[in-house]
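Peer 1: Supplied in C-alpha cells, the structure appears directly below.
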Amino acid sequence: MKSIVTVVFLVASIRSVGAQVSYDRLVNADAEPHHWLTYSGNYASHRFSQLDEINVDNVHRLRVEWAYQVSSGLIETTPIVVDGVMYLTEPPSTVSALDARTGQRIWRWSPDLPRNVKHIGFPLVNRGVAILDETVFVGTVHGHLVALDMHTGAVKWDVTVGDNNLGFSLTLAPLAIDGKIVVGVSGAEAGVRGYIDAYHADTGALAWRRFTIPAPGELGSETWGGESWRTGGGSTWLTGSYDPELNLLYWMIGNPAPDWNGDMRPGDNLYTCSILALNPDNGDIVWYFQYTPHDTHDWDANQIPILLDAEVDGVERKLVVNGNRNAFYYVLDRETGEFITGQEYSRQTWSDGLDANGKPMVRPNTEPSTEGTLVWPSLQGATNWFSPSYSPGTGLFYVSVRQMGSVYFKSDVEFEPGEPFLGGGEQALSGDDASGAVRALNALTGERVWNFDLLSPPWAGVMATAGGLVFGGSNEGDLFALDAASGKARWNFYAGAGARSNPMSFGIDGKQYVVIPAGHVVYVFGLAPEG
Amino acid sequence: MKSTLLAAIVTALVLAVPVEVIGQELSTLSAADVAFGERLYAARCARCHGIKGFGGEGPALARPFLNYARDDEMLVSVIMNGIRGTGMPAATLITELEARQVAGHVRALGRIVVPESPTGDPTRGEAFYRGKGECAACHGSNGIGNKFGPDLTNVGARRSAEFIRAAIVDPGAALPQGLNGILAFGFREYLPIEAKEPKGNTVRGHRVNESSFTILVRDADGELHSFQKNELTQLTKQFGRSVMPSYRRRLSDDEVDDLVAYLIRLREVVP
C-alpha cells in the first residue's frame with residue numbers, strides 16, 4: 001500500500017517539483033515539435049514548425065479555434081507553449097499563462113511600472129518570455145528582468161538591468177541558456193552605451209556584462225572619435241541565437257547614436273550595426289562582423305541571426321545568415337565570422353554592393369543632409385525586428401520585406417541624459433509610394449526564389465512549416481499562408497487590424513494550432529473537421 | 001537624477017515661454033511657441049509621423065482633419081494621453097504647455113494657408129456649380145457629397161484656393177490623402193480603379209479601401225464592389241488620374257475663379 005501511495009505521489013508531483021523545462025529540453029527543442037520552447041522556436045532561430053497536420057492541401061479549412069484579447073497596446077509577442085500551457089506577454093510588460101487548449105487564463109502578472117516610463121524611439125511593447133526549469137523570465141519596459149514561478153506567476157527575483165531614467169528599457173524576449181538568462185537593452189535613441197547582460201537563472205545575480213561600445217584602450221575604441229563612445233548607442237534589443245556545440249552566443253547590435261548625424265562620431269563606430277559571437281561563460285567577444293560601418297540611417301542590425309549547416313563549395317560549413325535592415329542578405333561562417341557571400345534582397349540606393357570582405361561600397365551623397373536626402377530603404381529598413389524563417393525542407397530563407405524610401409535629414413543635437421539624441425529625422429515615402437512583400441531567398445546565396453506582394457510595408461514576421469506553408473500577416477490586417485515552394489497564396493483571413501508579431505505553432509493531443517496575433521487579439525487557428 | 005532633469009525642463013520652459021500659453025487657443029500661439037513645438041515634434045513625433053508630417057509608420061498629420069483630434073483640445077489630449085489600443089503612445093514627461101506647442105506645430109502642418117481672397121464672383125460660381133458644371137451630380141447640390149464624389153461640406157476650411165483650383169483643372173494631380181482604414185497611412189483617396197472579373201465585365205470606380213488580399217471599389221452609381229484580388233483577371237490602379245473630368249478646357253480662367261470663389265466660401269462649421 002505504501003509503495004502504491006508513493007508511486008502516485010511521485011507521478012502527481014512531477015509537474016510541480018522537477019526541472020520541467022530543462023536546459024537539455026531547450027537544446028533538443030526540435031525533438032518535441034508540439035511545443036514552442038524559445039522565442040524563435042529553437043536555439044538556431046529557425047522559426048520553423050515541424051508539424052505538418054496543416055498543409056497546402058487542407059489549409060483552406062483553417063478556422064479560429066480560440067482567441068485571447070490583450071489588455072491594450074501593440075502585440076509583438078511570440079508565445080511559448082509547453083506542457084499544455086501558453087505563456088505570452090501583453091503590452092507593455094504583462095505576462096499571462098493560458099490553457100493552450102481553450103485560452104482560459106491561469107495566472108497573470110504585471111510589474112508595478114512608474115507612471116512615466118521612458119521609451120525613446122520605440123513603442124511600449126514586449127516580444128515574449130523565456131522559460132527555464134520552473135521559471136518564466138520577462139524583461140520590462142522600465143528596465144528590469146523578472147523571474148516568475150511558472151505555475152503561479154509569483155515573483156522569484158527582480159533585478160534592474162538598466163536605468164529607465166537614462167532611456168534603458170527591455171522589450172525583447174530573454175534567451176535562456178545553461179543556468180543563465182541573457183538579455184539586451186533598448187535605448188540608443190537616448191544615447192545610452194549599450195550592453196548585453198547574462199544573469200544567473202537561480203538568483204538573478206549578474207554573471208557578466210558585455211558593453212557593445214569599447215572603452216578607450218579596448219579593441220575597437222579607435223573607431224570612435226573623441227568622447228563619442230560614451231553616448232554611442234549600440235543597443236541590443238532583440239533576442240540572439242545560440243550554438244550549444246560551439247558554445248557561442250550570437251547577438252545583433254543596434255545603431256550608433258546620434259542616429260542621423262554621423263559628424264558627431266567619426267569612425268566605423270564598432271560594434272554598432274554588427275553581429276557579436278560571444279563566449280556565454282564570460283561574455284568575451286570571440287569574433288565580430290560589422291554590416292554597416294558608420295551607419296547614419298538608423299539601420300541597426302537588430303534582426304534575427306539564423307544558424308544553419310550546409311555545404312558551401314564542397315565543404316560542410318556552420319553558417320549564420322541574416323536579412324539585414326540595410327537591404328543586404330549576408331552569409332557568414334559562424335565559427336570564425338568570415339564573410340562568405342551576400343547580396344541585395346530589397347531595393348536600396350546607398351551602396352554599389354558588397355566587396356569581397358562583405359563591406360558595403362557606399363555611394364556618395366547618400367548621407368542625411370540639412371535639405372534632405374532620398375535613400376532606400378527608409379529608417380525602418382528593408383526588414384526589421386520581426387522574424388524571418390528558415391525551412392530545412394526547402395532550404396529557403398523567408399523574410400518580410402519593407403520597400404520604402406525616405407528623405408533623411410541631419411540636424412545638430414546636444415546630448416542630455418534620458419532625452420532623445422537623434423540628430424535629424426526622416427520623411428518616409430508612404431501610402432502608394434511604398435509597398436511590402438514576403439520573399440523566399442536561397443539561404444546559401446540570398447538569390448530571390450519567389451516574391452509575394454503586400455500592399456504596405458509589413459510589421460509581422462513569418463513562420464515556415466513542414467506542411468509546406470509560410471504563415472504571415474499584413475499591416476492592413478490580412479493573416480495568410482503562402483505555399484513555401486511557390487509563394488502562391490493558399491489561405492487568408494481578415495483580422496480587422498494590422499499584424500505586428502510573429503506566427504508560431506504548437507500541438508495538443510495530435511492537433512496542430514497556428515498562432516498569429518493582430519490588433520489586440522491573439523488568434524489561434526486549427527483545422528475545421530472535414531466535410 | 002529624474003527630479004534634476006524635471007527641474008531643468010521646467011526651468012527651461014518657464015524661461016522660454018510665457019505661462020499664459022496654457023489654455024490658449026492653438027491658432028493664437030506665438031511663432032516662438034510653434035517653433036518650440038516643431039523641435040519637440042522632430043524629437044518625439046517625427047519618427048512615426050515623418051518630419052514633414054506626411055506619415056510613415058504612423059498616419060499622416062499634414063492634413064486639416066485628424067480622425068482622433070477633430071478639435072484642438074482633443075489634439076492636446078491625444079498628444080498627452082495617446083490613443084488607447086493603437087501605436088500612439090502617451091507622451092512621457094511632457095507638460096500641457098509643451099503638448100500645446102507640439103499641437104500648434106501639428107496644426108501648422110495641416111493648415112492650408114489662404115494667401116489671398118479669390119478674385120472671382122461666388123454667385124456666378126454657385127450658378128455654375130449647380131447648373132452647367134454638373135458638379136452637384138457627384139458632389140451634391142449644397143456642397144454635401146453624395147456617395148461617389150468627395151464631400152465638399154466645409155471644403156473652404158479644409159483646402160486652399162490653390163488646391164481647389166488644381167482639383168478643378170487637373171484633378172488627377174490633386175487626389176487627397178485618405179482618412180479611411182489603411183488609406184490613412186498616406187494612400188490616395190478617390191484613386192481610379194479598373195477591375196476585370198473572370199466573367200469578362202469590368203468594374204470602374206474609385207478605391208474606398210484596400211488590403212493585400214482585397215479591394216473595395218465604389219462605382220459611379222455609388223454601388224460598392226468587394227473583390228478578392230486573386231479572383232480578378234486584371235486590377236489596374238490609375239495613378240495620376242481621377243474619375244472627375246478636368247475642367248481645364250470647359251471653363252475660362254474667369255469661370256474657374258468664380259467656382260473657386262464659391263467653394264472657398266463653403267466653410268461653415270458643421271457639428
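Residue numbering restarts at 1 in every chain; chains get A, B, ... in the order shown in the C-alpha cells, and ligands count up from 1 in that same order.
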Counting only C-alpha atoms, a student should be able to say which residues of chain A come within 6 Å of chain B; what is the right answer, written as a PyMOL selection string?

Peer 2: chain A and resi 72-73+116+420+426-428+430-432+454-455+476

Peer 1: Since we have the selection now, will you write its residues out, keeping C-alpha atoms, as an mmCIF file, in the first residue's frame?

Peer 2:
data_model
loop_
_atom_site.group_PDB
_atom_site.id
_atom_site.type_symbol
_atom_site.label_atom_id
_atom_site.label_comp_id
_atom_site.auth_asym_id
_atom_site.auth_seq_id
_atom_site.Cartn_x
_atom_site.Cartn_y
_atom_site.Cartn_z
ATOM 1 C CA SER A 72 -4.306 47.283 -24.711
ATOM 2 C CA GLY A 73 -1.491 48.499 -26.906
ATOM 3 C CA ASN A 116 6.090 57.945 -16.910
ATOM 4 C CA PRO A 420 16.075 61.964 -27.486
ATOM 5 C CA GLU A 426 13.221 61.294 -41.906
ATOM 6 C CA GLN A 427 10.149 61.679 -44.037
ATOM 7 C CA ALA A 428 9.221 58.265 -45.349
ATOM 8 C CA SER A 430 4.246 56.201 -47.538
ATOM 9 C CA GLY A 431 0.936 55.069 -48.971
ATOM 10 C CA ASP A 432 1.048 54.129 -52.644
ATOM 11 C CA LEU A 454 1.909 43.083 -49.853
ATOM 12 C CA LEU A 455 0.078 46.397 -50.108
ATOM 13 C CA GLU A 476 -3.684 46.010 -43.246
#

Peer 1: Residues at most 10 Å from Gly133 (chain B), counting only C-alpha atoms, excluding those fewer than 5 positions away in the same chain, as a VMD selection string?

Peer 2: chain B and resid 125 to 128 247 250 to 251 259

Peer 1: If you run DSSP over the backbone, which residues in region 27-262 of chain B end up alpha helix (DSSP H)? Put them as an MDAnalysis selection string.

Peer 2: chainID B and resid 31:44 46:49 72:81 96:110 122:130 136:139 155:158 161:169 253:262

Peer 1: Please run DSSP on the backbone and report, as an MDAnalysis selection string, all residues within region 16-262 of chain B that come out as strand (DSSP E or B).

Peer 2: chainID B and resid 66 69 177 188 192:196 202:210 214:219 224:228 234:237

Peer 1: Those selected residues, please, written with C-alpha atoms and delivered as a short mmCIF file (atom, residue, chain, number, x, y, z; two decimals), in the first residue's frame.

Peer 2:
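Contents of selection_15.cif, freshly written:
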data_model
loop_
_atom_site.label_atom_id
_atom_site.label_comp_id
_atom_site.auth_asym_id
_atom_site.auth_seq_id
_atom_site.Cartn_x
_atom_site.Cartn_y
_atom_site.Cartn_z
CA LEU B 66 -7.35 64.26 -37.93
CA ALA B 69 -8.37 65.04 -32.99
CA GLN B 177 -4.61 61.56 -48.79
CA ARG B 188 -4.52 58.47 -52.08
CA PRO B 192 -9.48 55.34 -60.09
CA ILE B 193 -9.65 51.56 -60.31
CA GLU B 194 -10.42 49.15 -63.14
CA ALA B 195 -11.21 45.63 -62.03
CA LYS B 196 -11.75 42.91 -64.60
CA THR B 202 -15.01 45.44 -65.96
CA VAL B 203 -15.91 47.46 -62.87
CA ARG B 204 -14.72 51.07 -62.90
CA GLY B 205 -14.78 53.29 -59.86
CA HIS B 206 -12.58 54.62 -57.11
CA ARG B 207 -10.84 52.93 -54.22
CA VAL B 208 -12.66 53.01 -50.88
CA ASN B 209 -10.30 50.70 -49.00
CA GLU B 210 -7.72 48.04 -49.73
CA THR B 214 -8.89 42.56 -51.06
CA ILE B 215 -10.02 45.85 -52.58
CA LEU B 216 -13.27 47.78 -52.17
CA VAL B 217 -14.39 49.91 -55.11
CA ARG B 218 -17.31 52.35 -55.46
CA ASP B 219 -18.68 52.86 -58.96
CA LEU B 224 -19.82 49.12 -53.68
CA HIS B 225 -17.90 46.22 -55.21
CA SER B 226 -15.83 43.94 -52.99
CA PHE B 227 -13.10 41.86 -54.61
CA GLN B 228 -10.56 39.25 -53.63
CA GLN B 234 -6.72 42.26 -64.01
CA LEU B 235 -6.55 45.06 -61.46
CA THR B 236 -5.40 48.49 -62.64
CA LYS B 237 -4.71 51.44 -60.39
#

Peer 1: For Gly143 (chain A), please output as number ranges by chain all residues within 9 Å (counting only C-alpha atoms; exclusion window: fewer than 6 positions along the same chain).

Peer 2: A: 159-164, 167-171, 185-186

Peer 1: With C-alpha atoms retained, write the just-selected residues as a PDB file, in the first residue's frame.

Peer 2:
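Once written, part.pdb looks like this:
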ATOM      1  CA  VAL A 159      16.782  42.916 -10.957  1.00  0.00           C
ATOM      2  CA  THR A 160      17.423  46.246 -12.652  1.00  0.00           C
ATOM      3  CA  VAL A 161      19.202  45.752 -15.984  1.00  0.00           C
ATOM      4  CA  GLY A 162      19.305  49.438 -16.948  1.00  0.00           C
ATOM      5  CA  ASP A 163      18.183  52.798 -15.547  1.00  0.00           C
ATOM      6  CA  ASN A 164      14.981  53.773 -17.324  1.00  0.00           C
ATOM      7  CA  GLY A 167      16.439  55.629 -21.526  1.00  0.00           C
ATOM      8  CA  PHE A 168      17.194  51.956 -20.879  1.00  0.00           C
ATOM      9  CA  SER A 169      14.307  49.591 -21.461  1.00  0.00           C
ATOM     10  CA  LEU A 170      13.704  45.894 -22.155  1.00  0.00           C
ATOM     11  CA  THR A 171      11.299  44.892 -24.929  1.00  0.00           C
ATOM     12  CA  VAL A 185      18.668  46.694 -23.823  1.00  0.00           C
ATOM     13  CA  SER A 186      16.906  49.373 -25.830  1.00  0.00           C
TER      14      SER A 186
END

Peer 1: Neighbours of region 21-32 of chain A within 9 Å (only C-alpha atoms; same-chain residues fewer than 2 positions away dropped), as a list in words?

Peer 2: Gly18, Ala19, His34, His35, Trp36, Leu37, Thr38, Gly41, Asn42, Tyr43, Ser49, Gln50, Val82, Ile131, Leu132, Asp133, Glu134, Thr135, Ala176, Ile177, Asp178, Gly179, Asp243 and Pro244 of chain A

Peer 1: Grab the CA of Asp99 (chain A) to CA of Ala518 (chain A) distance for me, in Å with one decimal place.

Peer 2: 19.8 Å

Peer 1: At a cut-off of 6 Å, using only C-alpha atoms, what residues contact region 89-92 of chain A? Leave out same-chain residues fewer than 3 positions from it and give the result as a ChimeraX atom specification.

Peer 2: /A:70,73,77,95,124-126,128

Peer 1: Quick one: residues within 6 Å of Tyr87 (chain A), only C-alpha atoms counted, chain neighbours fewer than 5 positions away excluded, as a VMD selection string?

Peer 2: chain A and resid 79 to 80 96 to 97

Peer 1: Selected residues, all heavy atoms, written as a PDB file, in the first residue's frame, please.

Peer 2:
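Saved to part-v4.pdb:
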ATOM      1  N   PRO A  79       4.285  33.718 -28.264  1.00  0.00           N
ATOM      2  CA  PRO A  79       4.042  32.893 -27.076  1.00  0.00           C
ATOM      3  C   PRO A  79       5.014  31.719 -27.011  1.00  0.00           C
ATOM      4  O   PRO A  79       5.532  31.255 -28.029  1.00  0.00           O
ATOM      5  CB  PRO A  79       2.615  32.387 -27.281  1.00  0.00           C
ATOM      6  CG  PRO A  79       2.014  33.250 -28.345  1.00  0.00           C
ATOM      7  CD  PRO A  79       3.164  33.692 -29.204  1.00  0.00           C
ATOM      8  N   ILE A  80       5.241  31.252 -25.801  1.00  0.00           N
ATOM      9  CA  ILE A  80       5.903  29.967 -25.574  1.00  0.00           C
ATOM     10  C   ILE A  80       4.818  28.985 -25.147  1.00  0.00           C
ATOM     11  O   ILE A  80       3.936  29.348 -24.358  1.00  0.00           O
ATOM     12  CB  ILE A  80       7.023  30.115 -24.525  1.00  0.00           C
ATOM     13  CG1 ILE A  80       8.272  30.657 -25.230  1.00  0.00           C
ATOM     14  CG2 ILE A  80       7.291  28.797 -23.802  1.00  0.00           C
ATOM     15  CD1 ILE A  80       9.435  30.900 -24.330  1.00  0.00           C
ATOM     16  N   SER A  96       1.021  36.534 -19.126  1.00  0.00           N
ATOM     17  CA  SER A  96      -0.162  35.723 -18.860  1.00  0.00           C
ATOM     18  C   SER A  96       0.131  34.279 -19.208  1.00  0.00           C
ATOM     19  O   SER A  96       0.793  33.986 -20.198  1.00  0.00           O
ATOM     20  CB  SER A  96      -1.362  36.211 -19.681  1.00  0.00           C
ATOM     21  OG  SER A  96      -1.802  37.463 -19.211  1.00  0.00           O
ATOM     22  N   ALA A  97      -0.390  33.386 -18.359  1.00  0.00           N
ATOM     23  CA  ALA A  97      -0.318  31.948 -18.631  1.00  0.00           C
ATOM     24  C   ALA A  97      -1.730  31.485 -18.954  1.00  0.00           C
ATOM     25  O   ALA A  97      -2.668  31.749 -18.194  1.00  0.00           O
ATOM     26  CB  ALA A  97       0.239  31.214 -17.420  1.00  0.00           C
TER      27      ALA A  97
END
